[in-house]
>>> print(open('data.tsv').read())   # TSV, C-alpha atoms
chain	number	residue	atom	x	y	z
A	1	MET	CA	91.67	75.72	97.37
A	2	THR	CA	90.39	72.26	96.55
A	3	GLU	CA	89.55	70.78	93.21
A	4	THR	CA	85.80	70.58	92.97
A	5	VAL	CA	85.57	69.30	89.42
A	6	ASP	CA	86.42	65.75	88.54
A	7	GLU	CA	89.70	66.07	86.66
A	8	THR	CA	89.33	62.83	84.74
A	9	THR	CA	86.31	64.32	83.02
A	10	LEU	CA	88.16	67.55	82.25
A	11	VAL	CA	91.19	65.73	80.90
A	12	ALA	CA	88.98	63.55	78.69
A	13	ALA	CA	87.21	66.66	77.37
A	14	LEU	CA	90.57	68.29	76.60
A	15	ARG	CA	91.66	65.20	74.68
A	16	ASP	CA	88.48	65.56	72.63
A	17	GLY	CA	89.44	69.16	71.88
A	18	ASP	CA	86.70	70.77	73.98
A	19	GLU	CA	87.43	74.49	73.77
A	20	ALA	CA	85.01	75.48	76.54
A	21	VAL	CA	86.79	73.21	78.99
A	22	PHE	CA	90.16	74.58	77.91
A	23	GLY	CA	88.86	78.11	78.47
A	24	GLN	CA	87.58	77.16	81.88
A	25	LEU	CA	90.95	75.69	82.90
A	26	VAL	CA	92.76	78.72	81.52
A	27	ASP	CA	90.54	81.03	83.60
A	28	GLN	CA	91.06	78.94	86.69
A	29	HIS	CA	94.84	78.54	86.60
A	30	THR	CA	96.41	81.20	84.40
A	31	PRO	CA	96.32	84.17	86.81
A	32	SER	CA	98.16	82.25	89.54
A	33	MET	CA	100.57	80.73	87.02
A	34	LEU	CA	101.44	84.23	85.80
A	35	ARG	CA	101.91	85.40	89.36
A	36	VAL	CA	104.38	82.62	90.14
A	37	ALA	CA	106.15	82.75	86.74
A	38	ARG	CA	106.81	86.43	87.27
A	39	GLY	CA	109.16	85.50	90.11
A	40	TYR	CA	111.56	83.83	87.66
A	41	VAL	CA	111.65	86.05	84.61
A	42	PRO	CA	112.38	89.74	84.10
A	43	SER	CA	109.11	90.89	82.49
A	44	ARG	CA	105.39	90.34	82.30
A	45	GLU	CA	105.75	89.54	78.59
A	46	ILE	CA	108.17	86.71	79.19
A	47	ALA	CA	105.97	85.40	82.00
A	48	GLU	CA	103.09	85.25	79.52
A	49	GLU	CA	105.26	83.34	77.05
A	50	VAL	CA	106.21	80.88	79.77
A	51	VAL	CA	102.57	80.35	80.69
A	52	GLN	CA	101.58	79.95	77.06
A	53	GLU	CA	104.33	77.36	76.53
A	54	THR	CA	103.04	75.53	79.59
A	55	TRP	CA	99.52	75.26	78.20
A	56	ILE	CA	100.89	74.01	74.91
A	57	ALA	CA	102.98	71.46	76.78
A	58	LEU	CA	99.78	70.30	78.47
A	59	LEU	CA	98.01	69.93	75.14
A	60	LYS	CA	100.97	68.03	73.72
A	61	GLY	CA	101.16	65.79	76.75
A	62	ILE	CA	97.47	65.41	77.49
A	63	HIS	CA	97.35	61.93	75.96
A	64	LYS	CA	100.00	60.84	78.42
A	65	PHE	CA	98.59	62.64	81.44
A	66	GLU	CA	97.99	59.93	83.99
A	67	GLY	CA	96.51	61.93	86.80
A	68	ARG	CA	99.16	60.87	89.29
A	69	SER	CA	99.41	64.47	90.39
A	70	SER	CA	96.60	66.95	90.20
A	71	LEU	CA	96.38	68.91	86.99
A	72	ARG	CA	97.31	72.04	88.90
A	73	THR	CA	100.46	70.53	90.39
A	74	TRP	CA	101.40	69.21	86.95
A	75	LEU	CA	100.90	72.65	85.38
A	76	PHE	CA	102.96	74.43	88.02
A	77	SER	CA	105.74	71.90	87.90
A	78	VAL	CA	106.06	72.18	84.10
A	79	MET	CA	105.65	75.94	84.25
A	80	ILE	CA	108.40	76.37	86.85
A	81	ASN	CA	110.79	74.28	84.76
A	82	ILE	CA	110.12	76.38	81.67
A	83	ALA	CA	110.38	79.57	83.70
A	84	LYS	CA	113.71	78.51	85.20
A	85	ALA	CA	115.10	77.80	81.75
A	86	ARG	CA	113.94	81.25	80.62
A	87	GLY	CA	115.04	82.95	83.80
A	88	ILE	CA	118.07	84.87	82.65
A	89	ARG	CA	118.13	86.88	85.82
A	90	GLU	CA	121.25	86.47	87.81
A	91	ARG	CA	120.83	84.54	90.97
A	92	ARG	CA	119.61	87.02	93.51
A	93	ASP	CA	122.31	87.49	96.07
A	94	ALA	CA	119.82	89.24	98.27
A	95	ASP	CA	117.86	86.03	98.70
A	96	ALA	CA	120.94	84.06	99.63
A	97	ALA	CA	121.79	86.75	102.11
A	98	MET	CA	118.30	86.56	103.59
A	99	LEU	CA	118.70	82.85	104.13
A	100	ALA	CA	122.14	83.09	105.64
A	101	PHE	CA	121.00	85.93	107.85
A	102	THR	CA	119.93	84.37	111.11
A	103	GLY	CA	118.57	87.47	112.75
A	104	GLY	CA	115.05	87.55	114.09
A	105	THR	CA	111.84	88.28	112.23
A	106	VAL	CA	110.60	90.53	115.04
A	107	ASP	CA	112.23	93.83	115.96
A	108	PRO	CA	114.70	92.92	118.75
A	109	ALA	CA	113.87	96.21	120.48
A	110	ARG	CA	110.52	94.69	121.46
A	111	PHE	CA	112.23	92.19	123.75
A	112	ARG	CA	113.87	92.71	127.14
A	113	THR	CA	117.63	92.61	127.25
A	114	GLY	CA	120.16	90.74	129.36
A	115	ASP	CA	120.05	93.21	132.25
A	116	ASP	CA	116.36	92.48	132.79
A	117	PRO	CA	115.16	89.64	135.05
A	118	TRP	CA	113.21	88.30	132.04
A	119	PRO	CA	115.59	88.61	129.10
A	120	GLY	CA	114.08	87.64	125.77
A	121	HIS	CA	110.53	88.35	126.90
A	122	TRP	CA	108.25	91.05	125.52
A	123	ARG	CA	108.94	94.49	126.94
A	124	GLU	CA	106.07	96.12	128.70
A	125	GLY	CA	103.87	97.82	126.09
A	126	GLU	CA	105.43	95.76	123.30
A	127	GLU	CA	103.31	92.62	123.75
A	128	PRO	CA	101.31	91.83	120.62
A	129	SER	CA	97.55	92.34	120.75
A	130	PRO	CA	95.19	89.99	118.96
A	131	PHE	CA	94.14	90.95	115.44
A	132	PRO	CA	90.41	91.72	115.33
A	133	ASP	CA	87.88	89.32	113.89
A	134	THR	CA	87.09	90.40	110.37
A	135	PRO	CA	83.94	88.83	108.97
A	136	GLU	CA	83.99	87.88	105.29
A	137	GLY	CA	83.48	90.98	103.18
A	138	SER	CA	83.87	93.50	106.02
A	139	VAL	CA	85.54	96.79	105.15
A	140	LEU	CA	88.47	96.22	107.51
A	141	GLY	CA	88.82	92.64	106.28
A	142	ASN	CA	89.08	93.83	102.67
A	143	GLU	CA	91.59	96.49	103.65
A	144	LEU	CA	93.77	93.91	105.39
A	145	VAL	CA	93.71	91.68	102.31
A	146	GLU	CA	94.90	94.65	100.24
A	147	VAL	CA	97.68	95.42	102.73
A	148	ALA	CA	98.75	91.78	102.62
A	149	ARG	CA	98.62	91.71	98.81
A	150	SER	CA	100.83	94.76	98.58
A	151	GLU	CA	103.39	93.39	101.03
A	152	LEU	CA	103.42	90.01	99.30
A	153	GLY	CA	104.46	91.83	96.12
A	154	LYS	CA	107.39	93.41	97.95
A	155	LEU	CA	108.87	90.23	99.42
A	156	PRO	CA	112.17	88.86	98.08
A	157	GLU	CA	111.35	86.52	95.19
A	158	ARG	CA	111.86	83.16	96.81
A	159	GLN	CA	109.90	84.17	99.90
A	160	ARG	CA	107.14	85.53	97.71
A	161	THR	CA	106.97	82.34	95.66
A	162	VAL	CA	106.80	80.11	98.74
A	163	VAL	CA	104.19	82.24	100.53
A	164	THR	CA	102.12	82.48	97.33
A	165	LEU	CA	102.18	78.73	96.73
A	166	ARG	CA	101.55	77.75	100.34
A	167	ASP	CA	99.24	80.39	101.78
A	168	MET	CA	97.59	81.99	98.79
A	169	LEU	CA	97.20	78.98	96.50
A	170	GLY	CA	97.06	76.29	99.18
A	171	PHE	CA	99.76	73.89	97.97
A	172	ASP	CA	101.04	71.64	100.76
A	173	SER	CA	104.64	71.77	101.94
A	174	ALA	CA	105.72	68.55	100.21
A	175	ASP	CA	104.40	69.83	96.87
A	176	VAL	CA	106.15	73.17	97.32
A	177	CYS	CA	109.49	71.54	98.12
A	178	GLU	CA	109.19	69.39	95.04
A	179	LEU	CA	108.03	72.21	92.77
A	180	LEU	CA	110.85	74.50	93.84
A	181	ASP	CA	113.43	71.79	94.45
A	182	ILE	CA	114.23	73.03	97.96
A	183	THR	CA	114.54	71.26	101.28
A	184	MET	CA	111.79	71.27	103.88
A	185	ALA	CA	113.97	73.36	106.20
A	186	ASN	CA	114.73	75.87	103.48
A	187	GLN	CA	111.07	76.16	102.60
A	188	ARG	CA	110.16	76.74	106.22
A	189	VAL	CA	112.67	79.57	106.60
A	190	LEU	CA	111.40	81.30	103.45
A	191	LEU	CA	107.76	80.81	104.47
A	192	HIS	CA	108.37	82.02	108.01
A	193	ARG	CA	110.24	85.15	106.93
A	194	GLY	CA	107.61	85.99	104.33
A	195	ARG	CA	104.71	85.47	106.73
A	196	ALA	CA	106.47	87.44	109.46
A	197	ALA	CA	106.93	90.39	107.08
A	198	VAL	CA	103.22	90.34	106.18
A	199	ARG	CA	102.27	90.03	109.86
A	200	HIS	CA	104.40	93.05	110.62
A	201	VAL	CA	102.67	95.33	108.10
A	202	LEU	CA	99.24	94.11	109.18
A	203	GLU	CA	100.10	94.92	112.78
A	204	ASP	CA	101.32	98.40	111.80
A	205	TYR	CA	98.20	98.98	109.72
A	206	LEU	CA	95.91	97.97	112.57
A	207	LYS	CA	97.81	100.18	115.03
A	208	ASP	CA	97.53	103.18	112.72
A	209	SER	CA	93.85	102.64	112.04
A	210	SER	CA	92.78	102.20	115.68
B	211	MET	CA	119.21	73.39	121.39
B	212	SER	CA	118.05	74.78	124.70
B	213	THR	CA	116.04	72.63	127.05
B	214	GLY	CA	115.02	75.25	129.58
B	215	PRO	CA	111.91	77.39	129.41
B	216	MET	CA	111.36	79.07	126.06
B	217	ASP	CA	111.77	82.82	125.74
B	218	CYS	CA	109.40	84.96	123.66
B	219	ASN	CA	112.09	85.86	121.14
B	220	GLU	CA	112.76	82.18	120.55
B	221	LEU	CA	109.09	81.29	120.26
B	222	VAL	CA	108.35	83.88	117.56
B	223	GLU	CA	110.87	82.20	115.23
B	224	LEU	CA	109.27	78.78	115.63
B	225	VAL	CA	105.67	79.63	114.82
B	226	THR	CA	105.71	78.34	111.24
B	227	ALA	CA	107.34	75.07	112.31
B	228	TYR	CA	104.77	74.82	115.12
B	229	LEU	CA	101.85	75.37	112.74
B	230	ASP	CA	103.31	72.83	110.29
B	231	GLY	CA	103.66	70.28	113.09
B	232	SER	CA	107.35	69.91	112.42
B	233	LEU	CA	108.85	70.76	115.82
B	234	ASP	CA	110.46	67.91	117.71
B	235	LEU	CA	108.27	66.94	120.64
B	236	ASP	CA	110.48	68.46	123.34
B	237	THR	CA	110.51	71.81	121.58
B	238	ARG	CA	106.80	71.57	120.96
B	239	ALA	CA	106.25	70.97	124.67
B	240	ARG	CA	108.36	74.01	125.57
B	241	PHE	CA	106.37	76.04	123.04
B	242	ASP	CA	103.01	74.92	124.45
B	243	THR	CA	104.15	75.46	128.03
B	244	HIS	CA	105.32	78.96	127.24
B	245	LEU	CA	101.99	79.80	125.57
B	246	LEU	CA	100.09	78.85	128.72
B	247	GLU	CA	101.79	81.63	130.63
B	248	CYS	CA	102.34	84.31	128.03
B	249	ASP	CA	99.49	86.39	126.61
B	250	GLY	CA	101.87	88.26	124.30
B	251	CYS	CA	102.96	85.07	122.58
B	252	GLU	CA	99.44	83.68	122.49
B	253	ASN	CA	98.46	86.88	120.69
B	254	TYR	CA	101.47	86.61	118.40
B	255	LEU	CA	100.36	83.12	117.39
B	256	GLN	CA	96.84	84.43	116.79
B	257	GLN	CA	98.26	87.24	114.64
B	258	PHE	CA	100.25	84.72	112.64
B	259	ARG	CA	97.21	82.53	112.04
B	260	GLU	CA	95.21	85.59	110.97
B	261	THR	CA	98.06	86.58	108.66
B	262	VAL	CA	98.00	83.19	106.96
B	263	ARG	CA	94.21	83.41	106.68
B	264	THR	CA	94.41	86.91	105.21
B	265	VAL	CA	96.99	85.91	102.59
B	266	GLY	CA	94.65	83.02	101.73
B	267	LYS	CA	91.98	85.55	100.83
B	268	ILE	CA	94.11	87.37	98.25
B	269	ARG	CA	92.58	86.78	94.85
B	270	ASP	CA	94.46	86.94	91.60
B	271	ASP	CA	93.81	89.73	89.18
B	272	GLU	CA	91.41	89.11	86.35
B	273	LEU	CA	92.99	87.51	83.36
B	274	ASP	CA	93.86	89.99	80.61
B	275	PRO	CA	91.32	89.23	77.81
B	276	ALA	CA	93.92	89.69	75.06
B	277	PHE	CA	96.21	87.11	76.64
B	278	ARG	CA	93.25	84.78	77.19
B	279	ASN	CA	92.42	85.02	73.49
B	280	ARG	CA	96.01	84.23	72.58
B	281	LEU	CA	95.82	81.06	74.64
B	282	LEU	CA	92.50	80.05	73.08
B	283	ASP	CA	93.97	80.67	69.62
B	284	ALA	CA	96.93	78.50	70.52
B	285	PHE	CA	94.43	75.80	71.47
B	286	LYS	CA	92.60	76.10	68.13
B	287	ASN	CA	95.85	76.02	66.19
B	288	PHE	CA	97.01	73.05	68.12
B	289	ARG	CA	94.03	70.92	67.17
>>> encode(input="data.tsv", output="structure tokens")
Amino acid sequence: MTETVDETTLVAALRDGDEAVFGQLVDQHTPSMLRVARGYVPSREIAEEVVQETWIALLKGIHKFEGRSSLRTWLFSVMINIAKARGIRERRDADAAMLAFTGGTVDPARFRTGDDPWPGHWREGEEPSPFPDTPEGSVLGNELVEVARSELGKLPERQRTVVTLRDMLGFDSADVCELLDITMANQRVLLHRGRAAVRHVLEDYLKDSS
Amino acid sequence: MSTGPMDCNELVELVTAYLDGSLDLDTRARFDTHLLECDGCENYLQQFRETVRTVGKIRDDELDPAFRNRLLDAFKNFR
């Protein structure tokens, strides 16, 4: 997703108290902010409070906003800090376990074993097949998006946040590392595991529907 | 780090690093060489790209009008 509107103009309008512009920014960014905030706090209500605080922080800070980062990156970075402070959830041990776990993201049964002349290669009949082309708006295409959406919601929180920021919202990897205060390597592991899980359900869905 | 030919089960764990351009050049070369000879892995890479594309098409839910009004009220009160 790229910014199509000139942000300097928007920021100037906000400084002048332009309610229409505020409404437009709210419509553009609030749904994804809520989605990401929800990964830090225990309820939808608290996520809404976090997002509301973030907008107020923007209004308070708008006179100092220098446009060094995009407005969206600024909003997410402030929002994540507020959400972390409100996040009374215990650290999820499951996520730490996921990271420490070095097992594969593909069912090991799909690969040949040591007694085969080609250990580590796809077993016969287990080779992946290409996913079909799905033109914009096609029925199958829409179904796949729904399958992906549902799986995204089931991912462990940190994976879900990274996949959402990178693949759904289009933040680049440097931004994501900074927003979440994680290393590049850590981000890559979370992103890879999350993507692999979504790939897996898409593959199953396509197998079942063919 | 292995220097021999890459196996399929190694390749599938490196796809995100490959797509991000963050593999060291030797590993990248082993990855590319493996792809030339392995339809299964070529398809796996295609599936992964399609997965990323599909996730990119997920749209957020519509904003709850009541919450939107609360934010607009906060804006009015702030002024």
>>> closest_residue(input="data.tsv", among="B:Gln256, B:Asp270, B:Arg240, B:Lys286", to="Thr30 (chain A)", atoms="all atoms listed in the file")
B:Asp270
>>> atom_distance(input="data.tsv", atom1="CA of Val262 (chain B)", atom2="CA of Arg123 (chain A)")
25.4 Å
>>> residues_around(input="data.tsv", residues="region 231-236 of chain B", least_positions_apart="5", cutoff="10 Å", atoms="all atoms listed in the file", output="count of residues only")
10
>>> residues_around(input="data.tsv", residues="region 273-277 of chain B", least_positions_apart="5", cutoff="10 Å", atoms="all atoms listed in the file", output="PyMOL selection string")
(chain A and resi 26-32+34+48-49+52) or (chain B and resi 282-283)
>>> interface_residues(input="data.tsv", of="chain A", to="chain B", cutoff="6 Å", atoms="only C-alpha atoms", output="PyMOL selection string")
chain A and resi 31+120-121+127-131+145+167-168+192+199
>>> atom_distance(input="data.tsv", atom1="CA of Pro135 (chain A)", atom2="CA of Lys207 (chain A)")
18.9 Å
>>> atom_distance(input="data.tsv", atom1="CA of Leu58 (chain A)", atom2="CA of Arg160 (chain A)")
25.6 Å
>>> closest_residue(input="data.tsv", among="A:Ala85, A:Gly170, A:Gly153, A:Arg158", to="Ile46 (chain A)", atoms="only C-alpha atoms")
A:Ala85
>>> residues_around(input="data.tsv", residues="region 68-76 of chain A", least_positions_apart="4", cutoff="8 Å", atoms="only C-alpha atoms", output="list in words")
Glu7, His29, Met33, Thr54, Trp55, Leu58, Ile80, Asp175 and Leu179 of chain A
>>> write_last_selection(input="data.tsv", atoms="C-alpha atoms", output="mmCIF file, keeping the file's coordinate frame")
data_model
loop_
_atom_site.group_PDB
_atom_site.id
_atom_site.type_symbol
_atom_site.label_atom_id
_atom_site.label_comp_id
_atom_site.auth_asym_id
_atom_site.auth_seq_id
_atom_site.Cartn_x
_atom_site.Cartn_y
_atom_site.Cartn_z
ATOM 1 C CA GLU A 7 89.700 66.070 86.660
ATOM 2 C CA HIS A 29 94.840 78.540 86.600
ATOM 3 C CA MET A 33 100.570 80.730 87.020
ATOM 4 C CA THR A 54 103.040 75.530 79.590
ATOM 5 C CA TRP A 55 99.520 75.260 78.200
ATOM 6 C CA LEU A 58 99.780 70.300 78.470
ATOM 7 C CA ILE A 80 108.400 76.370 86.850
ATOM 8 C CA ASP A 175 104.400 69.830 96.870
ATOM 9 C CA LEU A 179 108.030 72.210 92.770
#
>>> closest_residue(input="data.tsv", among="A:Arg193, A:Thr113, A:Ala57, A:Asn142", to="Glu157 (chain A)", atoms="all atoms listed in the file")
A:Arg193
